[in-house]
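Dropping data-v8.txt in here (compact mmCIF, C-alpha atoms):
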```txt
# COMPACT_ATOMS: atom_id res chain seq x y z
CA MET A 28 6.91 10.26 22.01
CA SER A 29 7.27 6.63 20.90
CA ILE A 30 8.46 6.06 17.33
CA ARG A 31 8.56 3.06 15.03
CA GLU A 32 11.96 3.49 13.37
CA ALA A 33 12.60 2.67 9.72
CA ALA A 34 13.39 -1.02 9.29
CA VAL A 35 14.21 -1.32 5.57
CA ALA A 36 15.90 1.98 4.69
CA GLY A 37 19.08 1.08 2.85
CA LEU A 38 17.54 -2.23 1.78
CA PHE A 39 14.28 -1.51 -0.04
CA TYR A 40 15.03 2.18 -0.69
CA GLU A 41 17.83 4.68 -0.22
CA ALA A 42 18.74 5.49 3.39
CA ASP A 43 20.35 8.82 2.59
CA PRO A 44 17.66 11.55 2.43
CA ALA A 45 19.16 13.36 -0.57
CA ARG A 46 19.61 10.14 -2.55
CA LEU A 47 16.11 9.02 -1.58
CA LYS A 48 14.59 12.30 -2.77
CA ALA A 49 16.44 11.98 -6.07
CA GLN A 50 15.30 8.37 -6.46
CA LEU A 51 11.67 9.32 -5.87
CA ALA A 52 11.89 12.33 -8.19
CA GLY A 53 13.20 10.09 -10.95
CA PHE A 54 10.31 7.65 -10.63
CA LEU A 55 7.67 10.37 -10.43
CA SER A 56 9.00 12.38 -13.36
CA SER A 57 9.11 9.34 -15.65
CA SER A 58 5.58 8.12 -14.91
CA LEU A 59 3.00 8.80 -17.60
CA ALA A 60 -0.15 7.62 -15.79
CA GLN A 61 -3.05 10.06 -15.77
CA ALA A 62 -5.93 10.26 -13.30
CA VAL A 63 -9.31 9.50 -14.80
CA ALA A 64 -11.01 10.98 -11.72
CA ARG A 65 -10.02 12.12 -8.25
CA PRO A 66 -8.50 9.04 -6.57
CA LYS A 67 -9.90 7.93 -3.22
CA VAL A 68 -7.99 4.63 -3.09
CA LEU A 69 -4.61 3.66 -4.50
CA ILE A 70 -3.39 0.08 -4.81
CA VAL A 71 0.40 0.01 -5.02
CA PRO A 72 3.26 -2.54 -4.84
CA HIS A 73 5.78 -2.75 -2.02
CA ALA A 74 8.98 -4.34 -3.32
CA GLY A 75 12.38 -2.65 -3.38
CA TYR A 76 12.18 0.60 -5.30
CA VAL A 77 14.49 -0.64 -8.07
CA TYR A 78 11.92 -3.34 -8.78
CA SER A 79 8.52 -1.71 -8.20
CA GLY A 80 9.15 2.00 -7.65
CA SER A 81 8.20 2.94 -11.20
CA THR A 82 4.86 1.09 -10.89
CA ALA A 83 4.09 2.68 -7.52
CA ALA A 84 4.93 6.11 -8.95
CA ALA A 85 2.22 5.69 -11.58
CA ALA A 86 -0.31 5.80 -8.76
CA TYR A 87 1.39 8.26 -6.43
CA ARG A 88 1.91 10.97 -9.02
CA LEU A 89 -1.89 11.36 -9.14
CA LEU A 90 -1.65 12.95 -5.68
CA GLU A 91 0.27 16.00 -6.91
CA PRO A 92 -2.86 18.17 -7.43
CA LEU A 93 -4.16 17.01 -4.02
CA ARG A 94 -0.98 17.85 -2.10
CA ASP A 95 -2.71 20.19 0.34
CA GLU A 96 -6.14 18.50 0.37
CA ILE A 97 -5.20 15.03 1.61
CA ARG A 98 -4.29 15.24 5.29
CA ARG A 99 -5.00 11.68 6.41
CA VAL A 100 -3.85 8.33 4.97
CA VAL A 101 -5.33 4.94 5.85
CA LEU A 102 -2.66 2.37 4.90
CA LEU A 103 -3.26 -1.39 4.78
CA GLY A 104 -0.83 -4.10 3.81
CA PRO A 105 0.04 -7.74 4.48
CA ALA A 106 2.10 -9.02 7.41
CA HIS A 107 5.22 -10.78 6.09
CA ARG A 108 7.39 -11.09 9.19
CA VAL A 109 5.14 -12.65 11.82
CA TYR A 110 2.05 -14.82 11.72
CA LEU A 111 -0.91 -12.58 12.38
CA GLN A 112 -4.43 -13.63 13.19
CA GLY A 113 -6.67 -10.71 12.27
CA MET A 114 -5.37 -7.14 11.92
CA ALA A 115 -2.63 -5.39 13.89
CA LEU A 116 -2.28 -1.74 14.89
CA PRO A 117 0.88 -0.26 16.39
CA SER A 118 0.93 1.45 19.79
CA VAL A 119 3.48 4.11 18.81
CA ASP A 120 2.89 7.81 18.12
CA ALA A 121 4.80 8.09 14.84
CA PHE A 122 6.53 6.18 12.04
CA GLU A 123 9.95 7.36 10.89
CA THR A 124 11.73 7.28 7.52
CA PRO A 125 14.87 9.10 6.31
CA LEU A 126 12.52 11.92 5.26
CA GLY A 127 11.24 12.48 8.80
CA GLU A 128 8.47 11.42 11.15
CA VAL A 129 4.85 10.75 10.22
CA PRO A 130 2.40 11.20 13.12
CA LEU A 131 -0.20 8.51 13.72
CA GLU A 132 -3.83 9.41 14.29
CA ARG A 133 -4.00 7.78 17.68
CA ALA A 134 -7.61 8.69 18.49
CA ALA A 135 -8.95 6.90 15.41
CA LEU A 136 -6.63 3.92 15.91
CA ASP A 137 -7.71 3.59 19.53
CA ALA A 138 -11.35 3.77 18.44
CA ILE A 139 -11.01 0.78 16.07
CA SER A 140 -8.75 -1.23 18.40
CA THR A 141 -11.78 -2.92 19.94
CA MET A 142 -13.37 -3.93 16.63
CA PRO A 143 -13.59 -7.67 15.85
CA GLY A 144 -10.31 -9.05 14.59
CA VAL A 145 -8.20 -6.03 15.60
CA CYS A 146 -5.26 -6.19 18.02
CA ILE A 147 -2.30 -4.05 19.06
CA SER A 148 1.06 -5.53 18.02
CA ASP A 149 4.24 -3.52 17.70
CA GLU A 150 6.06 -6.78 16.96
CA ALA A 151 4.05 -7.24 13.76
CA HIS A 152 4.94 -3.73 12.62
CA ARG A 153 8.57 -3.56 13.77
CA GLU A 154 10.26 -5.11 10.73
CA GLU A 155 7.40 -5.04 8.22
CA HIS A 156 8.20 -3.46 4.86
CA SER A 157 4.80 -3.46 3.14
CA LEU A 158 3.68 -0.26 4.87
CA GLU A 159 7.05 1.43 5.38
CA VAL A 160 8.00 1.57 1.69
CA GLN A 161 4.87 3.63 0.95
CA LEU A 162 5.79 6.41 3.36
CA PRO A 163 8.57 8.18 1.41
CA PHE A 164 6.24 8.47 -1.60
CA LEU A 165 3.51 9.92 0.62
CA GLN A 166 5.95 12.26 2.38
CA THR A 167 7.08 13.52 -1.02
CA LEU A 168 3.62 14.03 -2.52
CA LEU A 169 1.64 15.35 0.47
CA THR A 170 2.33 18.53 2.41
CA SER A 171 1.32 17.12 5.79
CA PHE A 172 -0.67 14.06 6.83
CA SER A 173 -1.48 11.73 9.70
CA LEU A 174 -1.19 7.98 9.23
CA LEU A 175 -3.46 5.08 10.16
CA PRO A 176 -1.41 1.91 9.55
CA VAL A 177 -3.12 -1.49 9.63
CA LEU A 178 -1.38 -4.80 8.99
CA VAL A 179 -3.69 -7.52 7.71
CA GLY A 180 -3.06 -11.17 8.52
CA ASP A 181 -5.40 -14.13 8.46
CA CYS A 182 -8.68 -12.25 8.40
CA GLY A 183 -11.96 -12.42 6.49
CA PRO A 184 -12.92 -9.67 4.05
CA GLU A 185 -15.96 -8.56 6.07
CA ARG A 186 -13.83 -7.64 9.10
CA VAL A 187 -11.26 -5.81 6.99
CA GLY A 188 -14.03 -4.02 5.13
CA ALA A 189 -15.63 -2.95 8.40
CA VAL A 190 -12.36 -1.38 9.57
CA LEU A 191 -11.99 0.44 6.27
CA ASP A 192 -15.55 1.74 6.47
CA ALA A 193 -14.88 3.00 10.01
CA LEU A 194 -11.77 4.90 8.85
CA TRP A 195 -13.01 5.97 5.41
CA GLY A 196 -13.43 9.68 6.12
CA GLY A 197 -14.10 12.30 3.47
CA PRO A 198 -12.01 13.98 0.75
CA GLU A 199 -9.25 14.65 3.29
CA THR A 200 -8.64 10.89 3.58
CA LEU A 201 -6.73 8.70 1.13
CA VAL A 202 -6.84 4.91 1.36
CA VAL A 203 -3.72 3.02 0.24
CA ILE A 204 -3.62 -0.76 -0.17
CA SER A 205 -0.13 -2.24 -0.41
CA SER A 206 0.20 -5.44 -2.43
CA ASP A 207 2.44 -7.14 -4.96
CA LEU A 208 1.01 -9.68 -7.41
CA SER A 209 2.31 -13.20 -8.13
CA HIS A 210 5.66 -14.42 -6.80
CA PHE A 211 8.51 -16.47 -8.29
CA HIS A 212 7.10 -17.75 -11.56
CA ALA A 213 8.90 -17.68 -14.88
CA TYR A 214 8.31 -14.45 -16.81
CA GLU A 215 5.69 -15.61 -19.31
CA GLU A 216 3.72 -17.58 -16.73
CA ALA A 217 3.77 -14.61 -14.35
CA CYS A 218 2.46 -12.31 -17.09
CA GLU A 219 -0.52 -14.63 -17.63
CA ILE A 220 -1.27 -15.01 -13.92
CA ASP A 221 -0.97 -11.27 -13.25
CA ALA A 222 -3.14 -10.33 -16.23
CA SER A 223 -5.88 -12.54 -14.80
CA THR A 224 -5.41 -11.06 -11.33
CA CYS A 225 -5.54 -7.50 -12.66
CA ALA A 226 -8.79 -8.34 -14.44
CA ARG A 227 -10.23 -9.69 -11.18
CA ILE A 228 -9.19 -6.56 -9.30
CA LEU A 229 -10.90 -4.44 -11.97
CA GLN A 230 -14.02 -6.54 -11.37
CA LYS A 231 -13.67 -5.91 -7.61
CA SER A 232 -13.30 -9.57 -6.73
CA THR A 233 -13.46 -10.43 -3.03
CA GLY A 234 -11.93 -13.87 -3.56
CA LEU A 235 -8.30 -13.22 -4.45
CA SER A 236 -5.77 -15.71 -3.09
CA GLY A 237 -2.33 -15.12 -1.64
CA ALA A 238 -0.83 -16.80 -4.70
CA GLU A 239 -2.35 -14.09 -6.88
CA ALA A 240 -1.52 -11.12 -4.64
CA CYS A 241 0.34 -11.15 -1.33
CA GLY A 242 -2.00 -8.42 -0.09
CA ALA A 243 -5.05 -10.47 -1.08
CA ARG A 244 -6.75 -10.19 2.30
CA ALA A 245 -6.44 -6.41 2.32
CA LEU A 246 -7.66 -6.24 -1.28
CA ASN A 247 -10.60 -8.55 -0.58
CA GLY A 248 -11.48 -6.41 2.41
CA LEU A 249 -11.34 -3.24 0.33
CA MET A 250 -13.71 -4.70 -2.24
CA SER A 251 -16.04 -5.80 0.57
CA ALA A 252 -16.18 -2.35 2.16
CA ARG A 253 -19.54 -0.61 1.99
CA HIS A 254 -17.96 2.60 0.71
CA CYS A 255 -16.30 0.76 -2.17
CA GLN A 256 -19.42 -0.64 -3.76
CA ASP A 257 -20.14 2.28 -6.11
CA MET A 258 -16.51 3.00 -6.98
CA LYS A 259 -14.77 2.29 -10.27
CA VAL A 260 -11.36 0.62 -10.49
CA ASP A 261 -8.78 1.66 -13.10
CA LEU A 262 -5.47 0.00 -13.90
CA LEU A 263 -2.64 2.54 -14.08
CA ALA A 264 0.43 0.37 -14.65
CA ALA A 265 1.60 -3.24 -14.44
CA CYS A 266 4.90 -5.03 -14.88
CA ASN A 267 7.13 -7.49 -13.06
CA SER A 268 10.68 -7.62 -11.77
CA GLY A 269 11.82 -9.11 -15.06
CA ASP A 270 10.90 -5.80 -16.70
CA THR A 271 12.78 -3.66 -14.20
CA ALA A 272 15.78 -4.99 -12.27
CA GLY A 273 15.62 -8.78 -12.07
CA ASP A 274 16.14 -11.86 -14.20
CA ARG A 275 13.18 -13.51 -15.90
CA GLY A 276 13.54 -16.93 -14.33
CA ARG A 277 11.71 -16.09 -11.09
CA VAL A 278 9.80 -12.81 -11.11
CA VAL A 279 7.43 -10.88 -8.85
CA GLY A 280 4.48 -9.03 -10.35
CA TYR A 281 3.41 -5.46 -9.63
CA GLY A 282 0.27 -3.47 -10.38
CA ALA A 283 -0.95 0.07 -9.66
CA PHE A 284 -4.65 0.92 -9.55
CA GLN A 285 -6.89 3.77 -8.52
CA LEU A 286 -10.46 3.67 -7.22
CA SER A 287 -12.65 6.72 -7.63
```
Could the structure of this file be written out as structure tokens, please?
Amino acid sequence: MSIREAAVAGLFYEADPARLKAQLAGFLSSSLAQAVARPKVLIVPHAGYVYSGSTAAAAYRLLEPLRDEIRRVVLLGPAHRVYLQGMALPSVDAFETPLGEVPLERAALDAISTMPGVCISDEAHREEHSLEVQLPFLQTLLTSFSLLPVLVGDCGPERVGAVLDALWGGPETLVVISSDLSHFHAYEEACEIDASTCARILQKSTGLSGAEACGARALNGLMSARHCQDMKVDLLAACNSGDTAGDRGRVVGYGAFQLS
């Protein structure tokens, strides 16, 4: 069996399984966010856990009552490490973290591999953190699940939306979109930019830019998906690195949302 090994364990999150479990438990126990309805889609940040883990936990803790119901996770995020035209799927059978292996749903991935804008690229996935950092949260909150990981590069919202519609599934399927908000502005300026971006996400904008959210293309695709049109978006938490573990001179923004 071919495995995509963890690339950022020890960098973005704890590499030791016991320390990682304790780190996740701390974030999840301190989150106060409440589900307004059963979540179908979560939008979560992907920075190092000391920066954005508390924001991500506000979304992930909503999965606790659904631990045994969700058995399939469609995970989209931006490609940071390589230039990517379109969307990239891995060829491997599983992704690995310090908490174990997550099997990929190869049949579904193979089925969408011929869709417009989709390619197979293990290189794009090999060192990418935007998807990997979501897995320990999912491994902690869900009993057992298969993964459908899609990296989104330079790609129009209609093509991303078509892939999401093809993978949407039923109540057994959760969709996760991985994205941070603005990058490297002073604290007050970042707060203003991110407040505007959060408002646009709540309005289901399909025109977000990379300056507003690094996962803009995945977010725009989500909002373009046919299945998304009748869904409601709720903001669960928002902050930036100046609120958590960084200085306020150059901050990165984070937001957590649910769609139901």
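Neighbours of Asp95 in chain A closer than or equal to 8 Å, with only C-alpha atoms counted and sequence neighbours fewer than 3 positions away skipped, come out as A:Arg98, A:Leu169, A:Thr170, A:Ser171.
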Surrounding residues of Ala213 in chain A excluding itself and chain neighbours under 3 positions, 10 Å, all atoms listed in the file, as a ChimeraX atom specification: /A:210,216-218,269,274-279
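Comparing A:Glu159, A:Glu91, A:Glu219, A:Asp137 by their smallest distance to Phe39 in chain A, the closest is A:Glu159 (using all atoms listed in the file).
The smallest atom-to-atom distance between Phe164 in chain A and any of A:Thr200, A:Ser223, A:Thr271, A:Thr124, using only C-alpha atoms, is found for A:Thr124.
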Non-local contacts of range 101-111 of chain A (9 Å; all atoms listed in the file; under 2 positions in same chain excluded) as a PyMOL selection string: chain A and resi 73+99+113-115+150-158+161+173-182+191+194-195+200-206+241-246
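When all atoms listed in the file are used to compute distances to Leu38 in chain A, the closest of the residues A:Ile220, A:Val160, A:Val129, A:Ser58 turns out to be A:Val160.
Nearest-residue note for Arg253 in chain A: choosing from A:Gly188, A:Pro66, A:Pro117, A:Pro143, the minimum distance belongs to A:Gly188, counting only C-alpha atoms.
Computed from the coordinates, the CA of Gly53 in chain A to CA of Pro130 in chain A distance equals 26.4 Å.
Reported to one decimal place, the separation of CA of Ile30 in chain A from CA of Ala121 in chain A is 4.9 Å.
Between CA of Gly248 in chain A and CA of Ser232 in chain A lies a distance of 9.8 Å.
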Would you kindly return, as a short mmCIF file (atom, residue, chain, number, x, y, z; two decimals) with C-alpha atoms, in the coordinates of the input, each protein, DNA or RNA residue with an atom no farther than 9 Å from any atom of Pro163 in chain A, considering only C-alpha atoms and excluding same-chain residues fewer than 4 positions away?
```cif
data_model
loop_
_atom_site.label_atom_id
_atom_site.label_comp_id
_atom_site.auth_asym_id
_atom_site.auth_seq_id
_atom_site.Cartn_x
_atom_site.Cartn_y
_atom_site.Cartn_z
CA LEU A 47 16.11 9.02 -1.58
CA LYS A 48 14.59 12.30 -2.77
CA LEU A 51 11.67 9.32 -5.87
CA THR A 124 11.73 7.28 7.52
CA PRO A 125 14.87 9.10 6.31
CA LEU A 126 12.52 11.92 5.26
CA GLY A 127 11.24 12.48 8.80
CA GLU A 159 7.05 1.43 5.38
CA THR A 167 7.08 13.52 -1.02
CA LEU A 168 3.62 14.03 -2.52
#
```
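Distances here use only C-alpha atoms; by that measure, the residue among A:Ser56, A:Gln256, A:Ser209, A:Ser29 closest to Glu123 in chain A is A:Ser29.
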Residue nearest Ser251 in chain A - candidates A:Arg186, A:Lys67, A:Arg227, A:Arg31, atoms counted: only C-alpha atoms: A:Arg186
For Ala272 in chain A: contacts at 9 Å, all atoms listed in the file, fewer than 2 positions along chain excluded, given as a list in words: Val77, Tyr78, Ser79, Ser268, Gly269, Asp270 and Asp274 of chain A
